[in-house]
$ cat query14.txt   # compact mmCIF, C-alpha atoms
# COMPACT_ATOMS: atom_id res chain seq x y z
CA MET F 16 91.48 152.61 67.69
CA SER F 17 95.22 152.15 68.26
CA ILE F 18 96.64 148.96 66.81
CA TYR F 19 98.17 148.21 70.20
CA LEU F 20 94.77 148.27 71.91
CA VAL F 21 93.56 145.78 69.30
CA LEU F 22 96.62 143.62 69.94
CA ALA F 23 96.00 143.75 73.70
CA ALA F 24 92.38 142.69 73.17
CA PHE F 25 93.43 139.74 71.04
CA GLY F 26 96.22 138.99 73.51
CA CYS F 27 93.47 138.55 76.10
CA LEU F 28 91.72 136.10 73.76
CA ALA F 29 95.03 134.28 73.28
CA GLY F 30 95.38 133.98 77.06
CA VAL F 31 91.93 132.41 77.32
CA THR F 32 92.56 129.88 74.53
CA THR F 33 96.01 129.06 75.93
CA VAL F 34 94.53 128.05 79.28
CA LEU F 35 91.47 126.22 77.93
CA PHE F 36 92.76 124.74 74.66
CA GLY F 37 96.56 124.70 74.92
CA PHE F 38 97.03 127.14 72.04
CA GLY F 39 96.65 130.84 71.45
CA GLY F 40 100.04 132.45 71.10
CA GLY F 41 100.43 131.17 67.55
CA PHE F 42 96.95 130.52 66.25
CA VAL F 43 95.61 133.88 67.44
CA VAL F 44 98.73 136.06 67.29
CA VAL F 45 100.28 134.98 63.97
CA PRO F 46 97.27 135.74 61.70
CA LEU F 47 96.40 138.93 63.63
CA LEU F 48 99.91 140.40 63.73
CA TYR F 49 100.55 139.45 60.12
CA GLN F 50 97.45 141.40 59.03
CA ALA F 51 98.27 144.36 61.30
CA LEU F 52 101.83 144.71 59.97
CA VAL F 53 100.78 144.57 56.33
CA LEU F 54 97.95 147.09 56.85
CA THR F 55 100.07 149.47 58.94
CA HIS F 56 103.30 149.47 56.92
CA GLY F 57 102.14 148.34 53.47
CA ALA F 58 102.84 145.05 51.74
CA ASP F 59 105.82 146.48 49.79
CA SER F 60 107.68 147.92 52.80
CA ALA F 61 110.54 146.09 54.49
CA THR F 62 108.26 145.31 57.42
CA GLY F 63 105.42 144.21 55.16
CA GLN F 64 107.68 141.84 53.23
CA SER F 65 108.92 140.37 56.51
CA ALA F 66 105.47 140.41 58.15
CA MET F 67 105.14 136.62 58.44
CA HIS F 68 108.61 136.24 59.94
CA ILE F 69 107.90 139.04 62.43
CA ALA F 70 104.51 137.55 63.34
CA VAL F 71 105.98 134.09 63.91
CA ALA F 72 108.96 135.38 65.93
CA THR F 73 106.82 137.67 68.10
CA SER F 74 104.38 134.81 68.62
CA THR F 75 107.06 132.52 70.03
CA CYS F 76 108.16 135.29 72.39
CA VAL F 77 104.61 135.89 73.66
CA MET F 78 104.25 132.13 74.02
CA ILE F 79 106.97 132.08 76.71
CA VAL F 80 104.86 134.24 79.02
CA SER F 81 101.44 132.77 78.24
CA ALA F 82 102.62 129.15 78.45
CA LEU F 83 104.35 129.79 81.78
CA LEU F 84 101.23 131.38 83.24
CA ALA F 85 98.92 128.67 81.90
CA THR F 86 101.24 125.92 83.15
CA ARG F 87 101.15 127.45 86.62
CA ARG F 88 97.35 127.59 86.59
CA HIS F 89 97.03 123.97 85.48
CA GLN F 90 99.59 122.87 88.07
CA ARG F 91 97.44 124.46 90.77
CA ALA F 92 94.34 122.76 89.35
CA GLY F 93 96.09 119.36 89.35
CA THR F 94 95.53 118.68 85.64
CA LEU F 95 99.17 118.19 84.59
CA ASP F 96 100.61 114.69 84.10
CA TRP F 97 104.34 115.37 84.40
CA ALA F 98 105.23 111.71 83.86
CA GLN F 99 104.05 112.04 80.25
CA VAL F 100 105.35 115.59 79.76
CA ARG F 101 108.98 115.30 80.95
CA PRO F 102 110.29 112.82 78.31
CA LEU F 103 109.11 115.13 75.52
CA LEU F 104 110.65 118.41 76.69
CA ARG F 105 114.25 117.98 75.52
CA PRO F 106 113.63 116.63 72.00
CA ILE F 107 110.90 119.23 71.43
CA GLY F 108 113.39 121.98 72.32
CA ALA F 109 116.00 120.55 69.94
CA GLY F 110 113.45 120.39 67.13
CA ALA F 111 112.40 123.99 67.83
CA VAL F 112 115.94 125.27 67.19
CA VAL F 113 116.02 123.53 63.80
CA GLY F 114 112.51 124.73 62.91
CA ALA F 115 113.18 128.37 63.80
CA ALA F 116 116.43 128.38 61.80
CA ALA F 117 114.58 126.94 58.79
CA ALA F 118 111.82 129.57 59.08
CA VAL F 119 114.32 132.45 59.06
CA ALA F 120 115.79 131.12 55.80
CA ALA F 121 112.38 130.49 54.20
CA ASP F 122 110.28 132.92 52.18
CA GLY F 123 107.51 134.57 54.24
CA GLU F 124 104.76 133.56 51.81
CA PHE F 125 105.96 129.95 51.96
CA VAL F 126 105.70 130.06 55.77
CA ARG F 127 102.13 131.39 55.49
CA TRP F 128 101.05 128.62 53.13
CA ALA F 129 102.82 126.02 55.26
CA PHE F 130 100.75 127.32 58.17
CA ILE F 131 97.54 126.94 56.12
CA VAL F 132 98.36 123.43 54.87
CA TYR F 133 99.35 122.30 58.36
CA LEU F 134 96.11 123.56 59.89
CA GLY F 135 93.98 122.03 57.14
CA ALA F 136 95.65 118.64 57.48
CA THR F 137 95.22 118.74 61.26
CA ILE F 138 91.50 119.53 61.04
CA LEU F 139 90.89 116.71 58.56
CA ASP F 140 92.87 114.32 60.74
CA CYS F 141 90.83 115.20 63.83
CA VAL F 142 87.52 114.78 61.97
CA PHE F 143 88.17 111.59 60.01
CA ARG F 144 90.69 109.58 62.05
CA PRO F 145 89.14 107.74 65.01
CA GLY F 146 90.09 108.67 68.53
CA PHE F 147 89.66 112.43 68.68
CA LEU F 148 85.96 113.29 68.39
CA ALA F 149 84.50 109.91 69.37
CA HIS F 150 86.58 109.34 72.47
CA THR F 151 86.31 106.64 75.10
CA ALA F 152 88.99 107.13 77.72
CA PRO F 153 90.50 104.02 79.35
CA SER F 154 91.00 103.92 83.10
CA VAL F 155 94.75 104.50 82.62
CA ALA F 156 96.20 106.55 79.75
CA ARG F 157 98.61 104.62 77.54
CA PRO F 158 102.21 105.92 77.75
CA LEU F 159 104.03 106.98 74.58
CA SER F 160 106.61 104.63 73.12
CA ARG F 161 110.26 105.67 73.33
CA GLN F 162 110.39 106.26 69.56
CA VAL F 163 107.36 108.55 69.58
CA ALA F 164 108.56 110.38 72.69
CA THR F 165 111.95 111.10 71.07
CA PHE F 166 111.57 111.36 67.29
CA GLY F 167 107.92 112.39 67.30
CA SER F 168 108.44 115.21 69.79
CA PHE F 169 111.50 116.42 67.81
CA VAL F 170 109.26 116.75 64.73
CA ILE F 171 106.59 118.52 66.81
CA GLY F 172 109.16 121.07 68.01
CA LEU F 173 110.50 121.58 64.49
CA VAL F 174 107.09 122.16 62.88
CA ALA F 175 105.78 124.29 65.75
CA ALA F 176 108.77 126.66 65.81
CA PHE F 177 108.77 126.91 62.01
CA LEU F 178 105.14 128.06 62.12
CA GLY F 179 105.30 130.01 65.38
CA VAL F 180 102.75 127.85 67.21
CA GLY F 181 102.94 125.89 70.44
CA GLY F 182 102.60 122.44 68.95
CA SER F 183 99.25 121.85 70.65
CA VAL F 184 97.53 120.77 67.43
CA MET F 185 99.90 117.82 67.36
CA THR F 186 100.27 117.10 71.07
CA VAL F 187 96.55 117.38 71.95
CA PRO F 188 95.32 114.85 69.32
CA LEU F 189 98.31 112.62 70.16
CA MET F 190 97.52 112.59 73.88
CA ARG F 191 93.80 112.26 73.16
CA ARG F 192 94.39 109.06 71.21
CA ARG F 193 96.47 107.70 74.10
CA GLY F 194 93.37 107.89 76.31
CA VAL F 195 93.91 111.31 77.92
CA ASP F 196 90.79 113.41 78.50
CA MET F 197 90.54 116.82 76.84
CA THR F 198 91.25 118.85 79.98
CA ARG F 199 94.52 117.05 80.66
CA ALA F 200 95.53 116.88 77.00
CA THR F 201 95.20 120.65 76.61
CA ALA F 202 96.90 121.20 79.97
CA MET F 203 99.98 119.24 78.84
CA ALA F 204 100.24 121.37 75.70
CA ASN F 205 101.32 124.34 77.81
CA PRO F 206 104.56 123.07 79.40
CA LEU F 207 105.38 121.41 76.06
CA SER F 208 105.11 124.85 74.42
CA LEU F 209 107.80 126.31 76.69
CA PRO F 210 110.88 124.68 75.08
CA ILE F 211 109.45 125.56 71.66
CA ALA F 212 108.97 129.17 72.70
CA LEU F 213 112.37 129.55 74.37
CA ALA F 214 114.41 127.83 71.66
CA GLY F 215 112.43 129.44 68.85
CA THR F 216 112.67 132.98 70.25
CA ALA F 217 116.41 132.72 70.89
CA THR F 218 116.99 131.39 67.38
CA TYR F 219 114.86 134.09 65.72
CA MET F 220 116.67 136.82 67.65
CA ALA F 221 120.14 135.47 66.89
CA LEU F 222 119.72 134.60 63.21
CA ALA F 223 117.68 137.67 62.25
CA TRP F 224 119.68 140.32 64.13
CA ASN F 225 121.13 141.95 60.99
CA SER F 226 117.89 141.68 59.03
CA ALA F 227 116.03 143.71 61.66
CA ALA F 228 118.05 146.85 60.90
CA SER F 229 115.90 147.63 57.84
CA LEU F 230 112.56 147.16 59.61
CA GLU F 231 110.38 150.08 60.67
CA GLY F 232 109.84 150.33 64.41
CA TRP F 233 111.60 148.75 67.37
CA HIS F 234 112.66 145.12 66.89
CA VAL F 235 114.99 142.63 68.53
CA GLY F 236 115.76 140.31 65.66
CA TYR F 237 112.35 139.71 64.14
CA VAL F 238 110.53 140.24 67.47
CA ASP F 239 108.32 143.35 67.39
CA VAL F 240 108.87 144.72 70.91
CA PRO F 241 105.83 147.08 71.21
CA ALA F 242 103.53 144.39 69.81
CA PHE F 243 105.01 141.90 72.27
CA GLY F 244 104.26 144.25 75.19
CA ALA F 245 100.66 144.80 74.13
CA LEU F 246 100.01 141.11 73.53
CA VAL F 247 101.51 140.05 76.87
CA ALA F 248 99.48 142.66 78.77
CA GLY F 249 96.31 141.26 77.24
CA SER F 250 97.41 137.68 77.74
CA LEU F 251 97.83 138.22 81.49
CA MET F 252 94.19 139.26 81.75
CA GLY F 253 93.00 136.38 79.58
CA VAL F 254 94.84 133.72 81.59
CA ARG F 255 93.40 135.04 84.83
CA ALA F 256 89.86 135.21 83.42
CA ALA F 257 89.94 131.64 82.05
CA ALA F 258 91.55 129.94 85.06
CA PRO F 259 88.24 129.30 86.94
CA LEU F 260 86.96 127.29 83.93
CA ILE F 261 89.76 124.70 84.06
CA GLY F 262 88.22 121.22 84.26
CA ARG F 263 84.63 122.50 84.11
CA ILE F 264 83.97 122.22 80.36
CA PRO F 265 82.32 118.90 79.32
CA ASP F 266 84.73 116.78 77.29
CA ARG F 267 82.59 116.64 74.13
CA ILE F 268 81.97 120.40 74.09
CA HIS F 269 85.64 121.03 74.81
CA THR F 270 86.59 118.90 71.80
CA TRP F 271 84.19 120.51 69.33
CA VAL F 272 85.06 124.07 70.39
CA TYR F 273 88.76 123.23 70.01
CA LEU F 274 88.13 121.98 66.48
CA GLY F 275 85.91 124.98 65.65
CA LEU F 276 88.63 127.42 66.71
CA LEU F 277 91.08 125.72 64.36
CA VAL F 278 88.61 126.19 61.48
CA VAL F 279 88.20 129.91 62.30
CA VAL F 280 91.97 130.45 62.32
CA LEU F 281 92.35 128.58 59.03
CA ALA F 282 89.69 130.77 57.39
CA GLY F 283 91.42 133.89 58.67
CA MET F 284 94.73 132.90 57.13
CA VAL F 285 93.24 131.88 53.76
CA LEU F 286 91.08 135.02 53.45
CA ARG F 287 93.81 137.47 54.36
$ encode --input "query14.txt" --output "structure tokens"
Amino acid sequence: MSIYLVLAAFGCLAGVTTVLFGFGGGFVVVPLLYQALVLTHGADSATGQSAMHIAVATSTCVMIVSALLATRRHQRAGTLDWAQVRPLLRPIGAGAVVGAAAAVAADGEFVRWAFIVYLGATILDCVFRPGFLAHTAPSVARPLSRQVATFGSFVIGLVAAFLGVGGSVMTVPLMRRRGVDMTRATAMANPLSLPIALAGTATYMALAWNSAASLEGWHVGYVDVPAFGALVAGSLMGVRAAAPLIGRIPDRIHTWVYLGLLVVVLAGMVLR
């Protein structure tokens, strides 16, 4: 089977998880594309040695499309709380520029292990710190403090762009502990992924322009253009398929499936 058909199939899965869980572009695409590049080109080739950078950069580019589509679907469903989203957008975008620039300068293997450590810490935090699994929502969600909205969202953008993910594994638990139900918490992860995706993609393209000359295939900076096309085509189908399920998954099931997906992705990155 062509690698691009496989990418399209997993792009569809990424579209589903983006709509229902607020992530997909990074947590599905980064491990998959990393493995595909190494297997296709060999670990010692120029592309294989840059596989993690390419996977992360392509992920942020796919995230632009999937996050836009998912945001539109949630807006139609009435699950977006823009009052909580708007203050976070600008500092998240600023952090994403810094994070993408740091990732370009970092060793690819370091980025992979950073991804693994980050996921592991997030899973442990969700399991053992109160407020995520055992959740009792107040009648009105508590707003974020100004310090968290500014500095905290800057850090979210930095880490997310460095790893090529949408930041949902930080924003969803954060919103959950402020009293937001799982449907709305995952919905807000999508517009918050947009500044990360836009700033991160632009930075990867600009800073890696010269490095891409030695890579096999067609690239813009570190963005793998054919892989991007296949993933976006699949993502469009996934977003459409998942849209009718918005708001229909029980909160407890929604939470446990979200956590289970993080564990699956972690295992895939460790057992590469």
$ residues_near_point --input "query14.txt" --point "(89.6, 136.5, 73.2)" --cutoff "10 Å" --atoms "only C-alpha atoms" --output "list in words"
Ala23, Ala24, Phe25, Gly26, Cys27, Leu28, Ala29, Gly30, Val31, Thr32, Gly39, Val43, Gly249, Ser250 and Gly253 of chain F
$ atom_distance --input "query14.txt" --atom1 "CA of Thr33 (chain F)" --atom2 "CA of Trp128 (chain F)"
23.4 Å
$ atom_distance --input "query14.txt" --atom1 "CA of Val53 (chain F)" --atom2 "CA of Ala70 (chain F)"
10.6 Å
$ atom_distance --input "query14.txt" --atom1 "CA of Leu230 (chain F)" --atom2 "CA of Ser65 (chain F)"
8.3 Å
$ residues_around --input "query14.txt" --residues "Ile138 (chain F)" --least-positions-apart "2" --cutoff "9 Å" --atoms "all atoms listed in the file" --output "ChimeraX atom specification"
/F:133-136,140-143,184,274,277-278
